[in-house]
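Reproduced below: start-v4.csv, with CSV, N, CA and C atoms.
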```csv
chain,number,residue,atom,x,y,z
A,1,MET,N,-1.5,22.2,-11.1
A,1,MET,CA,-2.2,21.0,-11.4
A,1,MET,C,-2.0,20.0,-10.3
A,2,GLU,N,-0.7,19.9,-9.7
A,2,GLU,CA,-0.4,19.0,-8.7
A,2,GLU,C,-1.3,19.1,-7.5
A,3,ILE,N,-1.6,20.3,-7.0
A,3,ILE,CA,-2.4,20.6,-5.9
A,3,ILE,C,-3.8,20.1,-6.1
A,4,ILE,N,-4.3,20.2,-7.3
A,4,ILE,CA,-5.7,19.7,-7.6
A,4,ILE,C,-5.7,18.2,-7.5
A,5,GLN,N,-4.7,17.5,-8.0
A,5,GLN,CA,-4.7,16.0,-7.8
A,5,GLN,C,-4.6,15.6,-6.4
A,6,LEU,N,-3.9,16.4,-5.6
A,6,LEU,CA,-3.8,16.1,-4.1
A,6,LEU,C,-5.2,16.2,-3.5
A,7,PHE,N,-5.9,17.2,-3.8
A,7,PHE,CA,-7.2,17.4,-3.2
A,7,PHE,C,-8.2,16.3,-3.7
A,8,LYS,N,-8.1,16.0,-5.0
A,8,LYS,CA,-9.0,14.9,-5.5
A,8,LYS,C,-8.7,13.6,-4.8
A,9,ALA,N,-7.4,13.3,-4.6
A,9,ALA,CA,-7.0,12.1,-3.9
A,9,ALA,C,-7.5,12.0,-2.5
A,10,LEU,N,-7.5,13.2,-1.8
A,10,LEU,CA,-7.9,13.2,-0.4
A,10,LEU,C,-9.4,13.2,-0.3
A,11,ALA,N,-10.1,13.4,-1.4
A,11,ALA,CA,-11.6,13.5,-1.3
A,11,ALA,C,-12.3,12.2,-1.5
A,12,ASP,N,-11.7,11.1,-1.0
A,12,ASP,CA,-12.4,9.8,-1.0
A,12,ASP,C,-12.1,9.1,0.3
A,13,GLU,N,-13.2,8.5,0.8
A,13,GLU,CA,-13.1,7.9,2.2
A,13,GLU,C,-12.1,6.8,2.2
A,14,THR,N,-12.1,5.9,1.2
A,14,THR,CA,-11.1,4.8,1.3
A,14,THR,C,-9.7,5.3,1.2
A,15,ARG,N,-9.4,6.3,0.4
A,15,ARG,CA,-8.1,6.8,0.3
A,15,ARG,C,-7.7,7.5,1.6
A,16,MET,N,-8.6,8.2,2.2
A,16,MET,CA,-8.3,8.8,3.5
A,16,MET,C,-8.0,7.7,4.5
A,17,ARG,N,-8.7,6.7,4.5
A,17,ARG,CA,-8.5,5.6,5.4
A,17,ARG,C,-7.1,4.9,5.2
A,18,ILE,N,-6.7,4.8,3.9
A,18,ILE,CA,-5.4,4.3,3.6
A,18,ILE,C,-4.3,5.2,4.1
A,19,LEU,N,-4.4,6.5,3.9
A,19,LEU,CA,-3.4,7.4,4.4
A,19,LEU,C,-3.3,7.4,5.9
A,20,ASN,N,-4.5,7.3,6.5
A,20,ASN,CA,-4.5,7.2,8.0
A,20,ASN,C,-3.7,6.0,8.5
A,21,LEU,N,-3.8,4.9,7.8
A,21,LEU,CA,-3.0,3.7,8.2
A,21,LEU,C,-1.6,3.9,7.9
A,22,LEU,N,-1.2,4.6,6.9
A,22,LEU,CA,0.2,4.8,6.5
A,22,LEU,C,0.9,5.9,7.3
A,23,LYS,N,0.1,6.7,8.0
A,23,LYS,CA,0.7,7.8,8.7
A,23,LYS,C,1.8,7.3,9.8
A,24,ASN,N,1.7,6.1,10.2
A,24,ASN,CA,2.6,5.6,11.2
A,24,ASN,C,3.7,4.7,10.6
A,25,GLY,N,3.7,4.6,9.3
A,25,GLY,CA,4.8,3.8,8.7
A,25,GLY,C,4.3,3.0,7.5
A,26,GLU,N,5.3,2.3,7.0
A,26,GLU,CA,5.1,1.5,5.8
A,26,GLU,C,4.2,0.2,6.1
A,27,LEU,N,3.4,-0.1,5.1
A,27,LEU,CA,2.5,-1.3,5.2
A,27,LEU,C,2.5,-2.0,3.8
A,28,CYS,N,2.4,-3.3,3.9
A,28,CYS,CA,2.2,-4.1,2.7
A,28,CYS,C,0.8,-3.9,2.2
A,29,VAL,N,0.6,-4.0,0.9
A,29,VAL,CA,-0.7,-4.0,0.4
A,29,VAL,C,-1.6,-5.0,1.0
A,30,CYS,N,-1.1,-6.2,1.3
A,30,CYS,CA,-1.9,-7.2,2.0
A,30,CYS,C,-2.4,-6.7,3.3
A,31,ASP,N,-1.6,-6.0,4.1
A,31,ASP,CA,-2.1,-5.5,5.4
A,31,ASP,C,-3.2,-4.5,5.2
A,32,ILE,N,-3.1,-3.6,4.2
A,32,ILE,CA,-4.1,-2.6,3.9
A,32,ILE,C,-5.4,-3.3,3.6
A,33,GLU,N,-5.3,-4.3,2.7
A,33,GLU,CA,-6.5,-5.1,2.3
A,33,GLU,C,-7.2,-5.7,3.5
A,34,ASP,N,-6.4,-6.4,4.4
A,34,ASP,CA,-7.0,-7.1,5.5
A,34,ASP,C,-7.6,-6.1,6.5
A,35,VAL,N,-6.9,-5.0,6.8
A,35,VAL,CA,-7.4,-4.1,7.8
A,35,VAL,C,-8.7,-3.4,7.4
A,36,LEU,N,-8.7,-2.9,6.1
A,36,LEU,CA,-9.8,-2.2,5.6
A,36,LEU,C,-10.9,-3.2,5.0
A,37,ASP,N,-10.6,-4.5,5.0
A,37,ASP,CA,-11.5,-5.5,4.5
A,37,ASP,C,-12.0,-5.1,3.1
A,38,ILE,N,-11.0,-4.9,2.2
A,38,ILE,CA,-11.3,-4.6,0.8
A,38,ILE,C,-10.6,-5.5,-0.1
A,39,GLN,N,-11.1,-5.7,-1.3
A,39,GLN,CA,-10.6,-6.6,-2.3
A,39,GLN,C,-9.3,-6.0,-2.9
A,40,GLN,N,-8.4,-6.9,-3.4
A,40,GLN,CA,-7.1,-6.5,-3.9
A,40,GLN,C,-7.3,-5.4,-5.1
A,41,SER,N,-8.3,-5.6,-5.9
A,41,SER,CA,-8.5,-4.7,-7.0
A,41,SER,C,-8.9,-3.3,-6.5
A,42,ASN,N,-9.7,-3.3,-5.5
A,42,ASN,CA,-10.2,-2.0,-4.9
A,42,ASN,C,-9.0,-1.3,-4.3
A,43,ALA,N,-8.2,-2.1,-3.5
A,43,ALA,CA,-7.0,-1.5,-2.8
A,43,ALA,C,-6.1,-0.9,-3.9
A,44,SER,N,-5.8,-1.7,-4.9
A,44,SER,CA,-4.9,-1.3,-6.0
A,44,SER,C,-5.3,0.0,-6.7
A,45,ARG,N,-6.6,0.1,-6.9
A,45,ARG,CA,-7.1,1.3,-7.6
A,45,ARG,C,-6.9,2.5,-6.7
A,46,HIS,N,-7.2,2.4,-5.5
A,46,HIS,CA,-7.0,3.6,-4.6
A,46,HIS,C,-5.6,3.9,-4.3
A,47,LEU,N,-4.8,2.9,-4.1
A,47,LEU,CA,-3.3,3.1,-3.9
A,47,LEU,C,-2.7,3.7,-5.2
A,48,ASN,N,-3.2,3.3,-6.3
A,48,ASN,CA,-2.6,4.0,-7.6
A,48,ASN,C,-3.0,5.5,-7.6
A,49,LYS,N,-4.2,5.8,-7.3
A,49,LYS,CA,-4.6,7.2,-7.3
A,49,LYS,C,-3.8,8.0,-6.3
A,50,LEU,N,-3.5,7.5,-5.1
A,50,LEU,CA,-2.7,8.1,-4.1
A,50,LEU,C,-1.3,8.3,-4.6
A,51,LYS,N,-0.8,7.3,-5.3
A,51,LYS,CA,0.6,7.3,-5.9
A,51,LYS,C,0.7,8.3,-7.0
A,52,VAL,N,-0.3,8.3,-7.9
A,52,VAL,CA,-0.3,9.3,-9.0
A,52,VAL,C,-0.3,10.7,-8.5
A,53,ALA,N,-1.1,10.9,-7.4
A,53,ALA,CA,-1.1,12.3,-6.8
A,53,ALA,C,0.1,12.6,-6.0
A,54,GLY,N,1.0,11.7,-5.8
A,54,GLY,CA,2.3,11.9,-5.2
A,54,GLY,C,2.2,11.8,-3.7
A,55,LEU,N,1.1,11.4,-3.1
A,55,LEU,CA,0.9,11.3,-1.7
A,55,LEU,C,1.6,10.1,-1.1
A,56,ILE,N,1.8,9.0,-1.8
A,56,ILE,CA,2.5,7.8,-1.3
A,56,ILE,C,3.5,7.4,-2.3
A,57,ILE,N,4.4,6.6,-1.8
A,57,ILE,CA,5.4,5.9,-2.7
A,57,ILE,C,5.4,4.4,-2.4
A,58,SER,N,5.9,3.6,-3.3
A,58,SER,CA,5.9,2.2,-3.0
A,58,SER,C,7.3,1.6,-3.3
A,59,ALA,N,7.5,0.4,-2.7
A,59,ALA,CA,8.7,-0.3,-2.9
A,59,ALA,C,8.4,-1.8,-2.9
A,60,LYS,N,8.9,-2.5,-3.9
A,60,LYS,CA,8.7,-3.9,-4.1
A,60,LYS,C,9.7,-4.6,-3.3
A,61,LYS,N,9.3,-5.5,-2.4
A,61,LYS,CA,10.2,-6.3,-1.6
A,61,LYS,C,9.7,-7.8,-1.8
A,62,SER,N,10.6,-8.5,-2.4
A,62,SER,CA,10.2,-9.9,-2.8
A,62,SER,C,9.0,-9.8,-3.8
A,63,GLN,N,7.9,-10.5,-3.4
A,63,GLN,CA,6.8,-10.5,-4.3
A,63,GLN,C,5.7,-9.5,-3.8
A,64,TRP,N,6.0,-8.8,-2.7
A,64,TRP,CA,5.0,-7.9,-2.2
A,64,TRP,C,5.4,-6.4,-2.4
A,65,VAL,N,4.3,-5.6,-2.4
A,65,VAL,CA,4.6,-4.1,-2.6
A,65,VAL,C,4.2,-3.4,-1.2
A,66,TYR,N,5.1,-2.6,-0.8
A,66,TYR,CA,4.9,-1.9,0.5
A,66,TYR,C,4.8,-0.4,0.1
A,67,TYR,N,3.9,0.3,0.9
A,67,TYR,CA,3.6,1.7,0.6
A,67,TYR,C,3.8,2.5,1.9
A,68,ARG,N,4.2,3.8,1.7
A,68,ARG,CA,4.4,4.7,2.7
A,68,ARG,C,4.1,6.1,2.2
A,69,VAL,N,3.8,7.0,3.2
A,69,VAL,CA,3.6,8.4,2.8
A,69,VAL,C,4.8,9.0,2.2
A,70,ASN,N,4.7,9.8,1.2
A,70,ASN,CA,5.8,10.4,0.5
A,70,ASN,C,6.3,11.6,1.3
A,71,ASP,N,7.4,11.5,1.9
A,71,ASP,CA,8.0,12.6,2.7
A,71,ASP,C,8.2,13.9,1.9
A,72,GLU,N,8.5,13.7,0.6
A,72,GLU,CA,8.8,14.9,-0.2
A,72,GLU,C,7.5,15.8,-0.4
A,73,ILE,N,6.3,15.1,-0.5
A,73,ILE,CA,5.1,15.9,-0.7
A,73,ILE,C,4.7,16.5,0.6
A,74,ILE,N,5.1,15.9,1.7
A,74,ILE,CA,4.8,16.5,3.0
A,74,ILE,C,5.6,17.7,3.2
A,75,ILE,N,6.9,17.7,2.8
A,75,ILE,CA,7.7,18.9,2.9
A,75,ILE,C,7.2,20.0,2.0
A,76,LYS,N,6.8,19.7,0.8
A,76,LYS,CA,6.3,20.7,-0.1
A,76,LYS,C,4.9,21.3,0.3
A,77,TYR,N,4.1,20.4,0.9
A,77,TYR,CA,2.7,20.8,1.3
A,77,TYR,C,2.5,20.3,2.8
A,78,PRO,N,3.1,21.0,3.7
A,78,PRO,CA,3.0,20.6,5.1
A,78,PRO,C,1.6,20.5,5.7
A,79,PHE,N,0.7,21.2,5.1
A,79,PHE,CA,-0.7,21.1,5.6
A,79,PHE,C,-1.3,19.7,5.5
A,80,ILE,N,-0.7,18.9,4.6
A,80,ILE,CA,-1.2,17.6,4.4
A,80,ILE,C,-1.0,16.7,5.6
A,81,ILE,N,0.1,16.8,6.2
A,81,ILE,CA,0.4,16.0,7.4
A,81,ILE,C,-0.5,16.5,8.6
A,82,GLY,N,-0.8,17.7,8.6
A,82,GLY,CA,-1.8,18.2,9.6
A,82,GLY,C,-3.2,17.6,9.4
A,83,ILE,N,-3.6,17.5,8.2
A,83,ILE,CA,-4.9,16.9,7.9
A,83,ILE,C,-4.8,15.4,8.3
A,84,ILE,N,-3.8,14.7,7.9
A,84,ILE,CA,-3.7,13.3,8.2
A,84,ILE,C,-3.6,13.1,9.7
A,85,ASN,N,-2.8,13.8,10.4
A,85,ASN,CA,-2.6,13.6,11.8
A,85,ASN,C,-3.7,14.1,12.7
A,86,ASP,N,-4.3,15.3,12.3
A,86,ASP,CA,-5.3,15.9,13.1
A,86,ASP,C,-6.7,15.6,12.8
A,87,GLU,N,-7.0,15.7,11.5
A,87,GLU,CA,-8.4,15.6,11.1
A,87,GLU,C,-8.9,14.1,10.9
A,88,PHE,N,-8.0,13.3,10.4
A,88,PHE,CA,-8.5,11.9,10.2
A,88,PHE,C,-8.8,11.2,11.5
A,89,GLY,N,-8.1,11.6,12.6
A,89,GLY,CA,-8.3,11.0,13.9
A,89,GLY,C,-9.7,11.4,14.5
A,90,LYS,N,-10.3,12.4,13.9
A,90,LYS,CA,-11.7,12.8,14.3
A,90,LYS,C,-12.8,12.0,13.7
A,91,ILE,N,-12.4,11.2,12.7
A,91,ILE,CA,-13.4,10.4,11.9
A,91,ILE,C,-13.4,9.0,12.6
A,92,ASN,N,-14.6,8.6,13.0
A,92,ASN,CA,-14.8,7.3,13.8
A,92,ASN,C,-14.2,6.1,13.0
A,93,ILE,N,-14.4,6.0,11.7
A,93,ILE,CA,-14.0,4.8,11.0
A,93,ILE,C,-12.4,4.8,10.9
A,94,CYS,N,-11.8,6.0,10.9
A,94,CYS,CA,-10.3,6.0,10.9
A,94,CYS,C,-9.8,5.6,12.3
A,95,GLU,N,-10.4,5.9,13.3
A,95,GLU,CA,-10.0,5.4,14.7
A,95,GLU,C,-10.2,3.9,14.7
A,96,ASP,N,-11.3,3.4,14.2
A,96,ASP,CA,-11.5,2.0,14.2
A,96,ASP,C,-10.4,1.3,13.4
A,97,ASP,N,-10.1,1.9,12.2
A,97,ASP,CA,-9.0,1.3,11.4
A,97,ASP,C,-7.7,1.1,12.1
A,98,ILE,N,-7.3,2.1,12.9
A,98,ILE,CA,-6.1,2.1,13.6
A,98,ILE,C,-6.1,1.0,14.7
A,99,GLU,N,-7.3,0.8,15.3
A,99,GLU,CA,-7.4,-0.3,16.3
A,99,GLU,C,-7.3,-1.6,15.6
A,100,ARG,N,-7.9,-1.8,14.4
A,100,ARG,CA,-7.8,-3.1,13.7
A,100,ARG,C,-6.4,-3.3,13.2
A,101,LEU,N,-5.7,-2.2,12.8
A,101,LEU,CA,-4.3,-2.4,12.4
A,101,LEU,C,-3.5,-2.8,13.6
A,102,THR,N,-3.7,-2.3,14.8
A,102,THR,CA,-3.0,-2.7,16.0
A,102,THR,C,-3.2,-4.2,16.2
A,103,GLN,N,-4.5,-4.6,16.1
A,103,GLN,CA,-4.8,-6.0,16.4
A,103,GLN,C,-4.2,-6.9,15.3
A,104,HIS,N,-4.2,-6.4,14.0
A,104,HIS,CA,-3.6,-7.2,12.9
A,104,HIS,C,-2.1,-7.4,13.1
A,105,LYS,N,-1.4,-6.4,13.5
A,105,LYS,CA,0.0,-6.5,13.8
A,105,LYS,C,0.3,-7.4,15.0
A,106,ALA,N,-0.5,-7.3,16.0
A,106,ALA,CA,-0.4,-8.1,17.2
A,106,ALA,C,-0.6,-9.6,16.9
A,107,SER,N,-1.5,-9.9,15.9
A,107,SER,CA,-1.8,-11.3,15.6
A,107,SER,C,-0.6,-12.0,14.8
A,108,GLY,N,0.3,-11.2,14.4
A,108,GLY,CA,1.4,-11.8,13.7
A,108,GLY,C,1.1,-12.0,12.2
A,109,ALA,N,0.0,-11.5,11.7
A,109,ALA,CA,-0.4,-11.7,10.3
A,109,ALA,C,0.7,-11.1,9.4
A,110,SER,N,0.9,-11.8,8.3
A,110,SER,CA,1.9,-11.3,7.3
A,110,SER,C,1.5,-11.7,5.9
A,111,CYS,N,2.1,-11.1,4.9
A,111,CYS,CA,1.8,-11.5,3.6
A,111,CYS,C,2.1,-13.0,3.3
A,112,GLU,N,3.3,-13.4,3.9
A,112,GLU,CA,3.7,-14.8,3.7
A,112,GLU,C,2.6,-15.7,4.2
A,113,LYS,N,2.1,-15.5,5.4
A,113,LYS,CA,1.0,-16.3,6.0
A,113,LYS,C,-0.2,-16.2,5.2
A,114,ARG,N,-0.6,-15.1,4.6
A,114,ARG,CA,-1.8,-14.9,3.8
A,114,ARG,C,-1.7,-15.8,2.6
A,115,MET,N,-0.5,-15.8,2.0
A,115,MET,CA,-0.3,-16.6,0.7
A,115,MET,C,-0.5,-18.1,1.0
A,116,LYS,N,-0.3,-18.5,2.2
A,116,LYS,CA,-0.3,-20.0,2.6
A,116,LYS,C,-1.7,-20.4,2.9
A,117,ARG,N,-2.7,-19.4,3.0
A,117,ARG,CA,-4.1,-19.8,3.3
A,117,ARG,C,-4.7,-20.7,2.3
A,118,PRO,N,-5.5,-21.7,2.7
A,118,PRO,CA,-6.1,-22.6,1.7
A,118,PRO,C,-7.1,-21.9,0.8
```
Could you take the file, read its structure, and then write that structure out as structure tokens?
Amino acid sequence: MEIIQLFKALADETRMRILNLLKNGELCVCDIEDVLDIQQSNASRHLNKLKVAGLIISAKKSQWVYYRVNDEIIIKYPFIIGIINDEFGKINICEDDIERLTQHKASGASCEKRMKRP
């Protein structure tokens, strides 16, 4: 049953884009929302599906939740990292997302600053 949930989770563009962002490390939900330009409710729904499938794990730090790829699932199903690293990079929107993430990080944007917006 677990493998079915993995494939279902991978079969959505937004969830693929989220995994693509997380392949290089941990991100706050605020960063994911900003880079993908999606609403908090939409981000939460997709993050929850990825988490239930075991593809990502989360950690609460202060009032923010940070997500990263679940190393244990990668060890159990190594083909997943191949898909994330090799195949997602061939999708134009995923390449664009990485560029936006780079710009987002370079701008110094953070959850703290986001909360102070008027």
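Relative to atom CA of Leu22 of chain A, atom C of Ala106 of chain A is found at 17.8 Å.
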Point (-4.3, -1.7, 8.3), cut-off 7 Å, counting only C-alpha atoms, residues as a PDB file with N, CA and C atoms, keeping the file's coordinate frame:
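Output saved as selection35.pdb:
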```
ATOM      1  N   LEU A  21      -3.800   4.900   7.800  1.00  0.00           N
ATOM      2  CA  LEU A  21      -3.000   3.700   8.200  1.00  0.00           C
ATOM      3  C   LEU A  21      -1.600   3.900   7.900  1.00  0.00           C
ATOM      4  N   ASP A  31      -1.600  -6.000   4.100  1.00  0.00           N
ATOM      5  CA  ASP A  31      -2.100  -5.500   5.400  1.00  0.00           C
ATOM      6  C   ASP A  31      -3.200  -4.500   5.200  1.00  0.00           C
ATOM      7  N   ILE A  32      -3.100  -3.600   4.200  1.00  0.00           N
ATOM      8  CA  ILE A  32      -4.100  -2.600   3.900  1.00  0.00           C
ATOM      9  C   ILE A  32      -5.400  -3.300   3.600  1.00  0.00           C
ATOM     10  N   ASP A  34      -6.400  -6.400   4.400  1.00  0.00           N
ATOM     11  CA  ASP A  34      -7.000  -7.100   5.500  1.00  0.00           C
ATOM     12  C   ASP A  34      -7.600  -6.100   6.500  1.00  0.00           C
ATOM     13  N   VAL A  35      -6.900  -5.000   6.800  1.00  0.00           N
ATOM     14  CA  VAL A  35      -7.400  -4.100   7.800  1.00  0.00           C
ATOM     15  C   VAL A  35      -8.700  -3.400   7.400  1.00  0.00           C
ATOM     16  N   LEU A  36      -8.700  -2.900   6.100  1.00  0.00           N
ATOM     17  CA  LEU A  36      -9.800  -2.200   5.600  1.00  0.00           C
ATOM     18  C   LEU A  36     -10.900  -3.200   5.000  1.00  0.00           C
ATOM     19  N   ASP A  97     -10.100   1.900  12.200  1.00  0.00           N
ATOM     20  CA  ASP A  97      -9.000   1.300  11.400  1.00  0.00           C
ATOM     21  C   ASP A  97      -7.700   1.100  12.100  1.00  0.00           C
ATOM     22  N   ILE A  98      -7.300   2.100  12.900  1.00  0.00           N
ATOM     23  CA  ILE A  98      -6.100   2.100  13.600  1.00  0.00           C
ATOM     24  C   ILE A  98      -6.100   1.000  14.700  1.00  0.00           C
ATOM     25  N   ARG A 100      -7.900  -1.800  14.400  1.00  0.00           N
ATOM     26  CA  ARG A 100      -7.800  -3.100  13.700  1.00  0.00           C
ATOM     27  C   ARG A 100      -6.400  -3.300  13.200  1.00  0.00           C
ATOM     28  N   LEU A 101      -5.700  -2.200  12.800  1.00  0.00           N
ATOM     29  CA  LEU A 101      -4.300  -2.400  12.400  1.00  0.00           C
ATOM     30  C   LEU A 101      -3.500  -2.800  13.600  1.00  0.00           C
TER      31      LEU A 101
END
```
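Of the residues listed (A:Leu55, A:Arg17, A:Ile91, A:Ser62), A:Leu55 shows the shortest atom-to-atom separation from Lys76 of chain A; distances use only C-alpha atoms.
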Just want the 10 Å neighbourhood of Gly54 of chain A, counted on only C-alpha atoms, with same-chain residues fewer than 5 positions away dropped. Output as a list in words.
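So the residues in contact are Glu2, Ile3, Gln5, Leu6, Ala9, Asn48, Lys49, Val69, Asn70, Asp71, Glu72, Ile73 and Ile74 of chain A.
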What parts of segment 44-79 of chain A does DSSP call strand (DSSP E)? I'd like the answer as a list in words.
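Checking each residue of segment 44-79 of chain A, the strand (DSSP E) ones are Ile56, Ile57, Ser58, Ala59, Lys60, Lys61, Trp64, Val65, Tyr66, Tyr67, Arg68 and Val69 of chain A.
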Env of Val29 of chain A: 8 Å cut, atoms = only C-alpha atoms, seq-sep filter 6 positions within chain, self excluded. Answer as a list in words.
Ala43, Trp64, Val65, Tyr66 and Tyr67 of chain A
Distance atom CA of Ala59 of chain A-atom CA of Ala109 of chain A, one decimal place?
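Straight-line distance from atom CA of Ala59 of chain A to atom CA of Ala109 of chain A works out to 19.7 Å.
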Could you jot down the atom CA of Ser41 of chain A to atom CA of Lys90 of chain A separation for me, Å, one decimal place?
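Separating atom CA of Ser41 of chain A from atom CA of Lys90 of chain A is a distance of 27.8 Å.
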Using only C-alpha atoms, the shortest atom-to-atom distance to Leu50 of chain A among A:Ile4, A:Cys111, A:Ile84, A:Met16 belongs to A:Met16
Considering only alpha helix (DSSP H) as DSSP defines it on the backbone, what residues of chain A qualify? List them as a ChimeraX atom specification.
/A:2-10,13-22,29-36,40-52,71-76,79-82,92-106,111-115
Judged by only C-alpha atoms, the minimum distance to Lys60 of chain A among A:Ile93, A:Ile38, A:Ile81, A:Leu27 is found for A:Leu27
